[in-house]
Each structure stands twice: as C-alpha cells, then as structure tokens.
>>> print(open('coords.cif').read())   # mmCIF, C-alpha atoms
data_input
loop_
_atom_site.group_PDB
_atom_site.id
_atom_site.type_symbol
_atom_site.label_atom_id
_atom_site.label_comp_id
_atom_site.auth_asym_id
_atom_site.auth_seq_id
_atom_site.Cartn_x
_atom_site.Cartn_y
_atom_site.Cartn_z
ATOM 1 C CA MET A 724 19.261 13.993 -5.479
ATOM 2 C CA LYS A 725 22.236 11.611 -5.195
ATOM 3 C CA VAL A 726 21.058 10.404 -1.787
ATOM 4 C CA ARG A 727 17.539 9.926 -3.136
ATOM 5 C CA ILE A 728 18.794 7.838 -6.071
ATOM 6 C CA ILE A 729 21.019 5.646 -3.877
ATOM 7 C CA SER A 730 18.234 5.153 -1.347
ATOM 8 C CA GLY A 731 15.801 4.254 -4.122
ATOM 9 C CA ALA A 732 18.265 1.788 -5.652
ATOM 10 C CA VAL A 733 18.747 0.048 -2.307
ATOM 11 C CA ALA A 734 14.962 -0.156 -1.842
ATOM 12 C CA VAL A 735 14.508 -1.672 -5.317
ATOM 13 C CA ALA A 736 17.270 -4.224 -4.642
ATOM 14 C CA LEU A 737 15.572 -5.256 -1.383
ATOM 15 C CA LEU A 738 12.213 -5.483 -3.148
ATOM 16 C CA VAL A 739 13.666 -7.747 -5.825
ATOM 17 C CA LEU A 740 15.223 -9.964 -3.151
ATOM 18 C CA VAL A 741 11.923 -10.257 -1.251
ATOM 19 C CA LEU A 742 10.026 -11.065 -4.455
ATOM 20 C CA TRP A 743 12.617 -13.688 -5.347
ATOM 21 C CA LEU A 744 11.965 -15.292 -1.944
ATOM 22 C CA HIS A 745 8.198 -14.941 -2.310
ATOM 23 C CA GLN A 746 7.537 -18.605 -1.568
ATOM 24 C CA THR A 747 9.285 -18.436 1.794
ATOM 25 C CA ILE A 748 8.421 -16.908 5.168
ATOM 26 C CA VAL A 749 10.546 -13.885 4.154
ATOM 27 C CA PHE A 750 7.678 -12.420 2.113
ATOM 28 C CA PRO A 751 5.056 -12.230 4.905
ATOM 29 C CA ILE A 752 7.695 -11.076 7.384
ATOM 30 C CA CYS A 753 8.544 -8.207 5.036
ATOM 31 C CA ILE A 754 4.852 -7.274 4.757
ATOM 32 C CA ALA A 755 4.581 -7.405 8.552
ATOM 33 C CA ALA A 756 7.622 -5.130 8.932
ATOM 34 C CA ILE A 757 6.330 -2.559 6.439
ATOM 35 C CA SER A 758 2.860 -2.580 8.023
ATOM 36 C CA THR A 759 4.307 -2.171 11.513
ATOM 37 C CA ILE A 760 6.517 0.770 10.561
ATOM 38 C CA ALA A 761 3.640 2.431 8.681
ATOM 39 C CA ILE A 762 1.350 2.105 11.721
ATOM 40 C CA PHE A 763 4.110 3.457 13.956
ATOM 41 C CA GLU A 764 4.492 6.499 11.698
ATOM 42 C CA LEU A 765 0.735 7.123 11.629
ATOM 43 C CA PHE A 766 0.373 6.782 15.403
ATOM 44 C CA ARG A 767 3.314 9.136 15.892
ATOM 45 C CA ALA A 768 1.836 11.692 13.506
ATOM 46 C CA LYS A 769 -1.371 11.902 15.577
ATOM 47 C CA ASP A 770 0.436 11.708 18.937
ATOM 48 C CA CYS A 771 -1.009 8.266 19.723
ATOM 49 C CA LEU A 772 2.187 6.416 20.644
ATOM 50 C CA ARG A 773 1.657 7.272 24.296
ATOM 51 C CA TYR A 774 -1.407 5.039 24.350
ATOM 52 C CA ARG A 775 0.751 1.962 24.603
ATOM 53 C CA ILE A 776 -1.960 -0.652 25.093
ATOM 54 C CA SER A 777 -3.687 0.386 21.859
ATOM 55 C CA PHE A 778 -0.370 0.699 20.047
ATOM 56 C CA TYR A 779 0.849 -2.757 21.102
ATOM 57 C CA ALA A 780 -2.503 -4.296 20.150
ATOM 58 C CA ALA A 781 -2.276 -2.706 16.690
ATOM 59 C CA ILE A 782 1.332 -3.855 16.265
ATOM 60 C CA LEU A 783 0.489 -7.415 17.324
ATOM 61 C CA TYR A 784 -2.224 -7.501 14.674
ATOM 62 C CA SER A 785 -0.005 -6.033 11.929
ATOM 63 C CA ILE A 786 2.813 -8.484 12.650
ATOM 64 C CA SER A 787 0.726 -11.630 13.021
ATOM 65 C CA SER A 788 -1.740 -11.092 10.165
ATOM 66 C CA PRO A 789 0.479 -11.745 7.087
ATOM 67 C CA VAL A 790 2.479 -14.465 8.864
ATOM 68 C CA LEU A 791 -0.646 -16.371 9.897
ATOM 69 C CA GLN A 792 -2.084 -15.896 6.413
ATOM 70 C CA PHE A 793 1.070 -17.507 5.042
ATOM 71 C CA PHE A 794 0.206 -20.612 7.058
ATOM 72 C CA HIS A 795 -3.460 -20.377 5.953
ATOM 73 C CA LEU A 796 -4.665 -19.531 9.466
ATOM 74 C CA SER A 797 -7.131 -16.813 8.444
ATOM 75 C CA ASN A 798 -9.525 -17.741 11.276
ATOM 76 C CA VAL A 799 -6.856 -16.919 13.843
ATOM 77 C CA VAL A 800 -6.242 -13.611 12.061
ATOM 78 C CA GLN A 801 -9.910 -12.710 12.482
ATOM 79 C CA ILE A 802 -9.761 -13.520 16.194
ATOM 80 C CA ILE A 803 -6.715 -11.303 16.682
ATOM 81 C CA MET A 804 -8.358 -8.513 14.670
ATOM 82 C CA VAL A 805 -11.538 -8.531 16.762
ATOM 83 C CA THR A 806 -9.456 -8.672 19.956
ATOM 84 C CA MET A 807 -7.419 -5.694 18.791
ATOM 85 C CA ILE A 808 -10.575 -3.682 18.068
ATOM 86 C CA MET A 809 -12.034 -4.443 21.513
ATOM 87 C CA ILE A 810 -8.744 -3.567 23.250
ATOM 88 C CA ILE A 811 -8.523 -0.173 21.544
ATOM 89 C CA PHE A 812 -12.127 0.633 22.439
ATOM 90 C CA LEU A 813 -11.498 -0.514 26.013
ATOM 91 C CA ASP A 814 -8.408 1.692 26.151
ATOM 92 C CA GLY A 815 -10.600 4.587 25.024
ATOM 93 C CA VAL A 816 -13.026 3.948 27.872
ATOM 94 C CA VAL A 817 -10.347 3.495 30.537
ATOM 95 C CA GLN A 818 -8.426 6.604 29.432
ATOM 96 C CA HIS A 819 -11.452 8.664 28.417
ATOM 97 C CA LYS A 820 -10.176 11.758 30.225
ATOM 98 C CA ARG A 821 -7.172 12.133 27.920
ATOM 99 C CA LEU A 822 -7.829 9.787 24.990
ATOM 100 C CA LYS A 823 -10.264 11.427 22.576
ATOM 101 C CA MET A 824 -12.698 9.325 20.598
ATOM 102 C CA GLU A 825 -11.317 10.737 17.338
ATOM 103 C CA GLN A 826 -7.931 9.301 18.293
ATOM 104 C CA VAL A 827 -9.531 5.946 19.081
ATOM 105 C CA CYS A 828 -11.150 5.927 15.631
ATOM 106 C CA PHE A 829 -7.907 7.045 13.984
ATOM 107 C CA MET A 830 -5.946 4.222 15.618
ATOM 108 C CA LEU A 831 -8.561 1.679 14.588
ATOM 109 C CA VAL A 832 -8.721 2.864 10.990
ATOM 110 C CA SER A 833 -4.925 3.064 10.713
ATOM 111 C CA ALA A 834 -4.342 -0.431 12.090
ATOM 112 C CA LEU A 835 -7.114 -2.035 10.040
ATOM 113 C CA PHE A 836 -6.519 -0.205 6.764
ATOM 114 C CA VAL A 837 -2.734 -0.591 6.677
ATOM 115 C CA THR A 838 -2.732 -4.231 7.781
ATOM 116 C CA LYS A 839 -5.633 -5.283 5.569
ATOM 117 C CA SER A 840 -4.366 -3.434 2.481
ATOM 118 C CA LEU A 841 -0.804 -4.719 2.603
ATOM 119 C CA GLY A 842 -2.020 -8.119 3.794
ATOM 120 C CA LEU A 843 -3.857 -8.485 0.493
ATOM 121 C CA LEU A 844 -0.440 -8.882 -1.140
ATOM 122 C CA GLN A 845 -0.087 -12.203 0.645
ATOM 123 C CA VAL A 846 -3.630 -13.125 -0.372
ATOM 124 C CA LEU A 847 -2.882 -12.193 -3.996
ATOM 125 C CA LEU A 848 0.278 -14.268 -3.951
ATOM 126 C CA GLN A 849 -1.566 -17.333 -2.686
ATOM 127 C CA SER A 850 -4.642 -16.811 -4.849
ATOM 128 C CA ASP A 851 -3.041 -18.222 -7.999
ATOM 129 C CA GLU A 852 -0.005 -20.488 -8.141
ATOM 130 C CA ARG A 853 0.953 -19.352 -11.637
ATOM 131 C CA PHE A 854 0.090 -15.654 -11.677
ATOM 132 C CA GLY A 855 0.187 -14.731 -7.979
ATOM 133 C CA LEU A 856 3.624 -13.127 -8.038
ATOM 134 C CA ILE A 857 2.815 -11.171 -11.205
ATOM 135 C CA TYR A 858 -0.349 -9.829 -9.582
ATOM 136 C CA VAL A 859 1.629 -8.692 -6.533
ATOM 137 C CA ILE A 860 4.123 -6.845 -8.736
ATOM 138 C CA LEU A 861 1.380 -5.133 -10.745
ATOM 139 C CA ALA A 862 -0.612 -4.154 -7.645
ATOM 140 C CA LEU A 863 2.452 -2.513 -6.110
ATOM 141 C CA CYS A 864 3.891 -0.968 -9.256
ATOM 142 C CA ALA A 865 0.575 0.586 -10.255
ATOM 143 C CA ALA A 866 1.053 3.266 -7.608
ATOM 144 C CA TRP A 867 4.714 3.920 -8.373
ATOM 145 C CA ILE A 868 4.260 3.971 -12.153
ATOM 146 C CA ALA A 869 1.400 6.449 -11.845
ATOM 147 C CA ASP A 870 3.474 8.639 -9.514
ATOM 148 C CA THR A 871 6.508 8.579 -11.821
ATOM 149 C CA GLY A 872 4.419 9.276 -14.919
ATOM 150 C CA ALA A 873 2.649 12.142 -13.158
ATOM 151 C CA TYR A 874 5.953 13.620 -11.981
ATOM 152 C CA PHE A 875 7.610 13.782 -15.385
ATOM 153 C CA THR A 876 4.461 14.831 -17.246
ATOM 154 C CA GLY A 877 3.741 17.501 -14.665
ATOM 155 C CA THR A 878 7.340 18.734 -14.748
ATOM 156 C CA PHE A 879 7.416 19.269 -18.504
ATOM 157 C CA LEU A 880 3.773 19.911 -19.379
ATOM 158 C CA GLY A 881 2.051 20.848 -16.126
ATOM 159 C CA LYS A 882 0.121 24.131 -16.203
ATOM 160 C CA HIS A 883 -3.173 23.591 -14.405
ATOM 161 C CA LYS A 884 -3.105 22.829 -10.677
ATOM 162 C CA LEU A 885 -5.008 19.730 -9.626
ATOM 163 C CA CYS A 886 -5.461 20.413 -5.904
ATOM 164 C CA PRO A 887 -3.278 23.403 -4.974
ATOM 165 C CA GLU A 888 -4.387 23.697 -1.336
ATOM 166 C CA VAL A 889 -3.448 20.088 -0.608
ATOM 167 C CA SER A 890 -0.573 19.365 -3.004
ATOM 168 C CA PRO A 891 0.645 22.502 -4.863
ATOM 169 C CA LYS A 892 2.921 20.554 -7.231
ATOM 170 C CA LYS A 893 0.263 18.238 -8.630
ATOM 171 C CA THR A 894 -1.212 19.233 -11.977
ATOM 172 C CA VAL A 895 -4.073 18.045 -14.141
ATOM 173 C CA GLU A 896 -1.575 17.243 -16.896
ATOM 174 C CA GLY A 897 0.475 15.180 -14.450
ATOM 175 C CA PHE A 898 -2.651 13.353 -13.315
ATOM 176 C CA ILE A 899 -3.493 12.414 -16.916
ATOM 177 C CA GLY A 900 0.140 11.518 -17.609
ATOM 178 C CA GLY A 901 0.155 9.155 -14.641
ATOM 179 C CA ILE A 902 -2.928 7.362 -15.954
ATOM 180 C CA VAL A 903 -1.496 7.064 -19.461
ATOM 181 C CA ALA A 904 1.870 5.826 -18.170
ATOM 182 C CA THR A 905 0.223 3.133 -16.053
ATOM 183 C CA ILE A 906 -1.948 1.961 -18.933
ATOM 184 C CA VAL A 907 1.009 1.822 -21.325
ATOM 185 C CA VAL A 908 3.258 -0.076 -18.899
ATOM 186 C CA PHE A 909 0.508 -2.532 -17.936
ATOM 187 C CA PHE A 910 -0.419 -3.104 -21.582
ATOM 188 C CA VAL A 911 3.160 -3.572 -22.851
ATOM 189 C CA PHE A 912 4.066 -5.798 -19.913
ATOM 190 C CA SER A 913 0.955 -7.948 -20.460
ATOM 191 C CA LEU A 914 1.655 -8.152 -24.181
ATOM 192 C CA ILE A 915 5.187 -9.423 -23.598
ATOM 193 C CA TYR A 916 4.198 -11.669 -20.694
ATOM 194 C CA GLY A 917 1.338 -13.159 -22.693
ATOM 195 C CA VAL A 918 3.697 -14.164 -25.492
ATOM 196 C CA VAL A 919 6.569 -15.393 -23.310
ATOM 197 C CA ALA A 920 4.429 -17.297 -20.795
ATOM 198 C CA GLU A 921 1.905 -18.393 -23.435
ATOM 199 C CA VAL A 922 -1.149 -17.193 -21.520
ATOM 200 C CA LYS A 923 -4.335 -15.446 -22.550
ATOM 201 C CA VAL A 924 -4.664 -11.768 -21.678
ATOM 202 C CA ARG A 925 -7.850 -9.738 -21.311
ATOM 203 C CA TYR A 926 -6.361 -6.537 -22.703
ATOM 204 C CA GLY A 927 -9.486 -4.433 -22.231
ATOM 205 C CA TRP A 928 -9.588 -5.432 -18.573
ATOM 206 C CA VAL A 929 -5.862 -4.703 -18.235
ATOM 207 C CA ILE A 930 -6.452 -1.139 -19.461
ATOM 208 C CA PHE A 931 -9.415 -0.664 -17.116
ATOM 209 C CA ILE A 932 -7.564 -1.945 -14.040
ATOM 210 C CA ALA A 933 -4.503 0.156 -14.874
ATOM 211 C CA ALA A 934 -6.612 3.305 -15.217
ATOM 212 C CA ALA A 935 -8.570 2.572 -12.028
ATOM 213 C CA CYS A 936 -5.396 1.988 -10.007
ATOM 214 C CA ALA A 937 -3.757 5.130 -11.386
ATOM 215 C CA VAL A 938 -6.755 7.257 -10.432
ATOM 216 C CA ILE A 939 -7.093 5.759 -6.958
ATOM 217 C CA SER A 940 -3.369 6.152 -6.314
ATOM 218 C CA VAL A 941 -3.825 9.918 -6.469
ATOM 219 C CA LEU A 942 -6.521 9.654 -3.792
ATOM 220 C CA GLY A 943 -4.041 7.864 -1.566
ATOM 221 C CA ASP A 944 -1.361 10.475 -2.173
ATOM 222 C CA LEU A 945 -3.709 13.384 -1.496
ATOM 223 C CA THR A 946 -5.108 11.734 1.641
ATOM 224 C CA ALA A 947 -1.594 11.343 3.036
ATOM 225 C CA SER A 948 -0.793 14.949 2.088
ATOM 226 C CA ILE A 949 -3.842 16.227 3.994
ATOM 227 C CA LEU A 950 -2.850 14.236 7.073
ATOM 228 C CA LYS A 951 0.708 15.574 6.959
ATOM 229 C CA ARG A 952 -0.539 19.145 6.590
ATOM 230 C CA GLN A 953 -2.926 18.747 9.512
ATOM 231 C CA CYS A 954 -0.083 17.332 11.603
ATOM 232 C CA SER A 955 2.332 20.070 10.432
ATOM 233 C CA MET A 956 4.926 17.651 9.098
ATOM 234 C CA LYS A 957 6.797 17.325 5.814
ATOM 235 C CA ASP A 958 7.370 13.562 5.869
ATOM 236 C CA PHE A 959 6.077 10.687 7.976
ATOM 237 C CA GLY A 960 9.626 9.568 8.755
ATOM 238 C CA ASN A 961 13.205 9.368 7.514
ATOM 239 C CA ILE A 962 13.790 5.634 7.219
ATOM 240 C CA MET A 963 14.496 6.136 3.497
ATOM 241 C CA PRO A 964 16.887 9.099 3.047
ATOM 242 C CA GLY A 965 15.587 11.443 0.362
ATOM 243 C CA HIS A 966 12.208 9.694 0.266
ATOM 244 C CA GLY A 967 10.856 9.998 3.798
ATOM 245 C CA GLY A 968 9.155 7.256 5.751
ATOM 246 C CA VAL A 969 7.399 4.047 4.806
ATOM 247 C CA MET A 970 4.065 5.859 4.599
ATOM 248 C CA ASP A 971 5.579 8.365 2.177
ATOM 249 C CA ARG A 972 6.409 5.491 -0.197
ATOM 250 C CA PHE A 973 3.376 3.292 0.376
ATOM 251 C CA ASP A 974 0.551 5.824 0.817
ATOM 252 C CA SER A 975 -0.663 5.303 -2.763
ATOM 253 C CA ALA A 976 -0.003 1.553 -2.700
ATOM 254 C CA LEU A 977 -2.328 1.232 0.291
ATOM 255 C CA PHE A 978 -5.105 2.307 -2.074
ATOM 256 C CA THR A 979 -4.054 0.569 -5.296
ATOM 257 C CA VAL A 980 -3.526 -2.885 -3.775
ATOM 258 C CA PRO A 981 -7.165 -3.301 -2.582
ATOM 259 C CA VAL A 982 -8.542 -1.918 -5.860
ATOM 260 C CA PHE A 983 -6.359 -4.236 -7.928
ATOM 261 C CA TYR A 984 -7.305 -7.179 -5.716
ATOM 262 C CA VAL A 985 -11.055 -6.562 -5.977
ATOM 263 C CA LEU A 986 -11.070 -5.978 -9.734
ATOM 264 C CA ASN A 987 -8.774 -8.886 -10.503
ATOM 265 C CA THR A 988 -10.856 -11.147 -8.272
ATOM 266 C CA LEU A 989 -13.951 -10.216 -10.247
ATOM 267 C CA LEU A 990 -12.177 -11.109 -13.502
ATOM 268 C CA SER A 991 -8.562 -12.227 -13.774
ATOM 269 C CA ILE A 992 -6.512 -10.355 -16.356
ATOM 270 C CA TYR A 993 -4.535 -13.515 -17.196
ATOM 271 C CA HIS A 994 -5.942 -16.968 -17.856
ATOM 272 C CA THR A 995 -4.872 -20.208 -19.481
ATOM 273 C CA VAL A 996 -8.112 -21.265 -21.145
#
>>> encode(input="coords.cif", output="structure tokens")
Amino acid sequence: MKVRIISGAVAVALLVLVLWLHQTIVFPICIAAISTIAIFELFRAKDCLRYRISFYAAILYSISSPVLQFFHLSNVVQIIMVTMIMIIFLDGVVQHKRLKMEQVCFMLVSALFVTKSLGLLQVLLQSDERFGLIYVILALCAAWIADTGAYFTGTFLGKHKLCPEVSPKKTVEGFIGGIVATIVVFFVFSLIYGVVAEVKVRYGWVIFIAAACAVISVLGDLTASILKRQCSMKDFGNIMPGHGGVMDRFDSALFTVPVFYVLNTLLSIYHTV
C-alpha cells in the first residue's frame, strides 16, 4: 500500500506539472509518451511486438499525432494515419503465413483508438482559450473519480456483484457510488468555478455529462479486464509500482475522454454569455 501511495503521489505531481505547462510543447509530448507506452503494452499483451513494421508505424502515428496537432497540422496527421493503416494491412499480406488477420485488426484498433482518444485532450485544450484546460482536467478526472467512488462504495456497501466473471470485485453498489461521486464532484467544482471565474454554468448538462462519463468509464475498465484475462495477465505493465502499466491507469480514461469531448462539443458546460 505504501508503494502504491508513493507511486500515485509522484504521478499526480507529474500530472500537475504537465498541466501547468499546458501551453508549451511539453503537453503534447506527454500525450505522445503516454499513447506510445499504452500501444506498446497492448501490442505486447497480444504478442504483436514481433511484427516490427506494424509496431513502428503505430508508434510513429502515436508520437506525431499530438505534436502535429499542437502546431495545427491536422492534415498531416490524417496523412500519417492513413499511411499507418495501409502499412499494417500490407504487413498482414506480406506476413500472412504467421500474422493472423485478427492480430492485424487488433493492432489497427489499438493504434487508432489510443492515439485518437488521448489526442482529443490536445483538441480539447485548443478548442477554447478560456476553458480548454478545465475541460481537459474534467475529461481525465471523470474516470478516476468514478473509479475511486466505486472502490470506496463497493468496499463498505458492496453486496451484489456487477460482472463477477470479468471483474469479481466490482459491485452494483460500487457502480452507483462511482456515478454519484462523479456527479457530486463535477457539480461542486462547477459551482465553485462558476463563482470564482464569473462564468455561466449549465448545471443540468454538467450532471448529465458526469453521469455519462462515469457509466462509460466502467465499460473501459471491464474491456481492459477482459483483455487481460484472455491474455492471462494481471497487469499490462509495471511502469507505476503498485498500479501497473499505463493501460491500467488510462483504460477508463480512453473511454471517458471521447465521450466528454463529444457531449461538450454539442453543448459547452461553461459559457460567458
């Protein structure tokens, strides 16, 4: 437990530092690093690292995407993405005797989903000069708040298993607790932020987005759990002692970030008019 707490504290300190430097190249580089490590862990889990051409193509895309987005070169990002897709398919054709099509599809989905999901953090940041950073924080914290709320609620009140064959420790009570915790934190934060920053808040929309992100975060967690079970592994890695790998910490965030982005794009939760 001590190692887990220290590791978590270091991670939070690094996160705060990156967010403080959000207007510099440090932010997209951090996104690129997290995306790259996550893709590495996923490829390793499915024994795809040996397909080096596909792996390098995926890594090139994950590294370049947020950095190019930082410089508003989205057209170049699209070119690299299409090139990466073609390379992986070509690799599947060339190595068809040992590279299964399900692995080709897995590599494609992993590279696209991880890079696109985390890349939306850069898009969120640049989408609004005033609220961009706040949106990034909420999109990320939605997953972690829901997980923390579910953990403590499930520990003290959990009786009914949510999905025992996939994640034995998850309970229905914990699931509800995670939703409630996310709604409360989002609402209180928005209430305080609205007063301090003197902005208008759509509180009903805040509650809806918080609930939606909390629910979808569980889908991300369960999806990662299924993959780990199928690959006979406990954690995706050990880069964070006591916590596992990058995928173990960002599996839910990969789902909450796109949902937050889409919903907030439809109707911003903060506005000045």
>>> closest_residue(input="coords.cif", among="A:Ile810, A:Val941, A:Ala834, A:Ile803", to="Asp870 of chain A", atoms="all atoms listed in the file")
A:Val941
>>> residues_around(input="coords.cif", residues="Gly815 of chain A", least_positions_apart="3", cutoff="10 Å", atoms="all atoms listed in the file", output="NGL selection string")
:A and (774 or 777 or 809-812 or 818-828)
>>> closest_residue(input="coords.cif", among="A:Cys771, A:Leu841, A:Asp814, A:Leu835", to="Leu783 of chain A", atoms="only C-alpha atoms")
A:Leu835
>>> residues_around(input="coords.cif", residues="Ser797 of chain A", least_positions_apart="4", cutoff="12 Å", atoms="only C-alpha atoms", output="list in words")
Ser787, Ser788, Pro789, Val790, Leu791, Gln792, Phe793, Gln801, Ile802, Ile803, Met804, Lys839, Gly842, Leu843, Gln845 and Val846 of chain A
>>> resolve_selection(input="coords.cif", expression="the PyMOL selection byres ((chain A and resi 932) around 10)", output="mmCIF file with C-alpha atoms, keeping the file's coordinate frame")
data_model
loop_
_atom_site.group_PDB
_atom_site.id
_atom_site.type_symbol
_atom_site.label_atom_id
_atom_site.label_comp_id
_atom_site.auth_asym_id
_atom_site.auth_seq_id
_atom_site.Cartn_x
_atom_site.Cartn_y
_atom_site.Cartn_z
ATOM 1 C CA ALA A 862 -0.612 -4.154 -7.645
ATOM 2 C CA ALA A 865 0.575 0.586 -10.255
ATOM 3 C CA THR A 905 0.223 3.133 -16.053
ATOM 4 C CA ILE A 906 -1.948 1.961 -18.933
ATOM 5 C CA PHE A 909 0.508 -2.532 -17.936
ATOM 6 C CA TYR A 926 -6.361 -6.537 -22.703
ATOM 7 C CA GLY A 927 -9.486 -4.433 -22.231
ATOM 8 C CA TRP A 928 -9.588 -5.432 -18.573
ATOM 9 C CA VAL A 929 -5.862 -4.703 -18.235
ATOM 10 C CA ILE A 930 -6.452 -1.139 -19.461
ATOM 11 C CA PHE A 931 -9.415 -0.664 -17.116
ATOM 12 C CA ALA A 933 -4.503 0.156 -14.874
ATOM 13 C CA ALA A 934 -6.612 3.305 -15.217
ATOM 14 C CA ALA A 935 -8.570 2.572 -12.028
ATOM 15 C CA CYS A 936 -5.396 1.988 -10.007
ATOM 16 C CA ALA A 937 -3.757 5.130 -11.386
ATOM 17 C CA VAL A 938 -6.755 7.257 -10.432
ATOM 18 C CA THR A 979 -4.054 0.569 -5.296
ATOM 19 C CA VAL A 982 -8.542 -1.918 -5.860
ATOM 20 C CA PHE A 983 -6.359 -4.236 -7.928
ATOM 21 C CA TYR A 984 -7.305 -7.179 -5.716
ATOM 22 C CA VAL A 985 -11.055 -6.562 -5.977
ATOM 23 C CA LEU A 986 -11.070 -5.978 -9.734
ATOM 24 C CA ASN A 987 -8.774 -8.886 -10.503
ATOM 25 C CA ILE A 992 -6.512 -10.355 -16.356
#
>>> resolve_selection(input="coords.cif", expression="the PyMOL selection byres ((chain A and resi 877-889) around 9)", output="number ranges by chain")
A: 872-876, 890-898, 900, 945-946, 948-949, 952
>>> write_last_selection(input="coords.cif", atoms="C-alpha atoms", output="mmCIF file, in the frame of the given file")
data_model
loop_
_atom_site.group_PDB
_atom_site.id
_atom_site.type_symbol
_atom_site.label_atom_id
_atom_site.label_comp_id
_atom_site.auth_asym_id
_atom_site.auth_seq_id
_atom_site.Cartn_x
_atom_site.Cartn_y
_atom_site.Cartn_z
ATOM 1 C CA GLY A 872 4.419 9.276 -14.919
ATOM 2 C CA ALA A 873 2.649 12.142 -13.158
ATOM 3 C CA TYR A 874 5.953 13.620 -11.981
ATOM 4 C CA PHE A 875 7.610 13.782 -15.385
ATOM 5 C CA THR A 876 4.461 14.831 -17.246
ATOM 6 C CA SER A 890 -0.573 19.365 -3.004
ATOM 7 C CA PRO A 891 0.645 22.502 -4.863
ATOM 8 C CA LYS A 892 2.921 20.554 -7.231
ATOM 9 C CA LYS A 893 0.263 18.238 -8.630
ATOM 10 C CA THR A 894 -1.212 19.233 -11.977
ATOM 11 C CA VAL A 895 -4.073 18.045 -14.141
ATOM 12 C CA GLU A 896 -1.575 17.243 -16.896
ATOM 13 C CA GLY A 897 0.475 15.180 -14.450
ATOM 14 C CA PHE A 898 -2.651 13.353 -13.315
ATOM 15 C CA GLY A 900 0.140 11.518 -17.609
ATOM 16 C CA LEU A 945 -3.709 13.384 -1.496
ATOM 17 C CA THR A 946 -5.108 11.734 1.641
ATOM 18 C CA SER A 948 -0.793 14.949 2.088
ATOM 19 C CA ILE A 949 -3.842 16.227 3.994
ATOM 20 C CA ARG A 952 -0.539 19.145 6.590
#
>>> closest_residue(input="coords.cif", among="A:Met830, A:His795, A:Asp770, A:Ala761", to="Ser850 of chain A", atoms="only C-alpha atoms")
A:His795
>>> decode(input="coords.cif", residues="segment 861-907 of chain A", atoms="C-alpha atoms", output="PDB file, in the first residue's frame")
ATOM      1  CA  LEU A 861     -12.625  17.117 -16.151  1.00  0.00           C
ATOM      2  CA  ALA A 862     -12.313  14.653 -19.043  1.00  0.00           C
ATOM      3  CA  LEU A 863      -9.405  12.907 -17.331  1.00  0.00           C
ATOM      4  CA  CYS A 864     -10.678  13.069 -13.766  1.00  0.00           C
ATOM      5  CA  ALA A 865     -14.091  11.699 -14.707  1.00  0.00           C
ATOM      6  CA  ALA A 866     -12.597   8.221 -14.996  1.00  0.00           C
ATOM      7  CA  TRP A 867     -10.518   8.426 -11.826  1.00  0.00           C
ATOM      8  CA  ILE A 868     -13.287   9.960  -9.710  1.00  0.00           C
ATOM      9  CA  ALA A 869     -15.716   7.256 -10.808  1.00  0.00           C
ATOM     10  CA  ASP A 870     -13.143   4.552 -10.036  1.00  0.00           C
ATOM     11  CA  THR A 871     -12.368   5.984  -6.589  1.00  0.00           C
ATOM     12  CA  GLY A 872     -16.042   6.440  -5.730  1.00  0.00           C
ATOM     13  CA  ALA A 873     -16.815   2.899  -6.872  1.00  0.00           C
ATOM     14  CA  TYR A 874     -13.925   1.482  -4.839  1.00  0.00           C
ATOM     15  CA  PHE A 875     -14.917   3.019  -1.520  1.00  0.00           C
ATOM     16  CA  THR A 876     -18.655   2.494  -2.005  1.00  0.00           C
ATOM     17  CA  GLY A 877     -18.085  -1.097  -3.049  1.00  0.00           C
ATOM     18  CA  THR A 878     -15.734  -1.712  -0.121  1.00  0.00           C
ATOM     19  CA  PHE A 879     -18.197  -0.555   2.524  1.00  0.00           C
ATOM     20  CA  LEU A 880     -21.583  -1.204   0.923  1.00  0.00           C
ATOM     21  CA  GLY A 881     -20.964  -3.664  -1.904  1.00  0.00           C
ATOM     22  CA  LYS A 882     -23.120  -6.803  -1.819  1.00  0.00           C
ATOM     23  CA  HIS A 883     -24.290  -7.511  -5.356  1.00  0.00           C
ATOM     24  CA  LYS A 884     -21.692  -8.436  -7.979  1.00  0.00           C
ATOM     25  CA  LEU A 885     -21.782  -6.362 -11.143  1.00  0.00           C
ATOM     26  CA  CYS A 886     -19.872  -8.640 -13.530  1.00  0.00           C
ATOM     27  CA  PRO A 887     -18.283 -11.438 -11.478  1.00  0.00           C
ATOM     28  CA  GLU A 888     -16.830 -13.414 -14.400  1.00  0.00           C
ATOM     29  CA  VAL A 889     -14.922 -10.390 -15.683  1.00  0.00           C
ATOM     30  CA  SER A 890     -14.184  -8.348 -12.551  1.00  0.00           C
ATOM     31  CA  PRO A 891     -15.126 -10.192  -9.312  1.00  0.00           C
ATOM     32  CA  LYS A 892     -14.558  -7.143  -7.083  1.00  0.00           C
ATOM     33  CA  LYS A 893     -16.939  -4.802  -8.883  1.00  0.00           C
ATOM     34  CA  THR A 894     -20.380  -4.426  -7.340  1.00  0.00           C
ATOM     35  CA  VAL A 895     -23.637  -2.786  -8.337  1.00  0.00           C
ATOM     36  CA  GLU A 896     -23.390  -0.566  -5.259  1.00  0.00           C
ATOM     37  CA  GLY A 897     -19.880   0.474  -6.277  1.00  0.00           C
ATOM     38  CA  PHE A 898     -21.083   1.222  -9.796  1.00  0.00           C
ATOM     39  CA  ILE A 899     -23.819   3.514  -8.447  1.00  0.00           C
ATOM     40  CA  GLY A 900     -21.393   5.068  -5.961  1.00  0.00           C
ATOM     41  CA  GLY A 901     -18.990   5.895  -8.778  1.00  0.00           C
ATOM     42  CA  ILE A 902     -21.738   7.678 -10.704  1.00  0.00           C
ATOM     43  CA  VAL A 903     -22.866   9.642  -7.652  1.00  0.00           C
ATOM     44  CA  ALA A 904     -19.295  10.608  -6.737  1.00  0.00           C
ATOM     45  CA  THR A 905     -18.597  11.891 -10.246  1.00  0.00           C
ATOM     46  CA  ILE A 906     -21.804  13.912 -10.327  1.00  0.00           C
ATOM     47  CA  VAL A 907     -21.124  15.442  -6.909  1.00  0.00           C
TER      48      VAL A 907
END
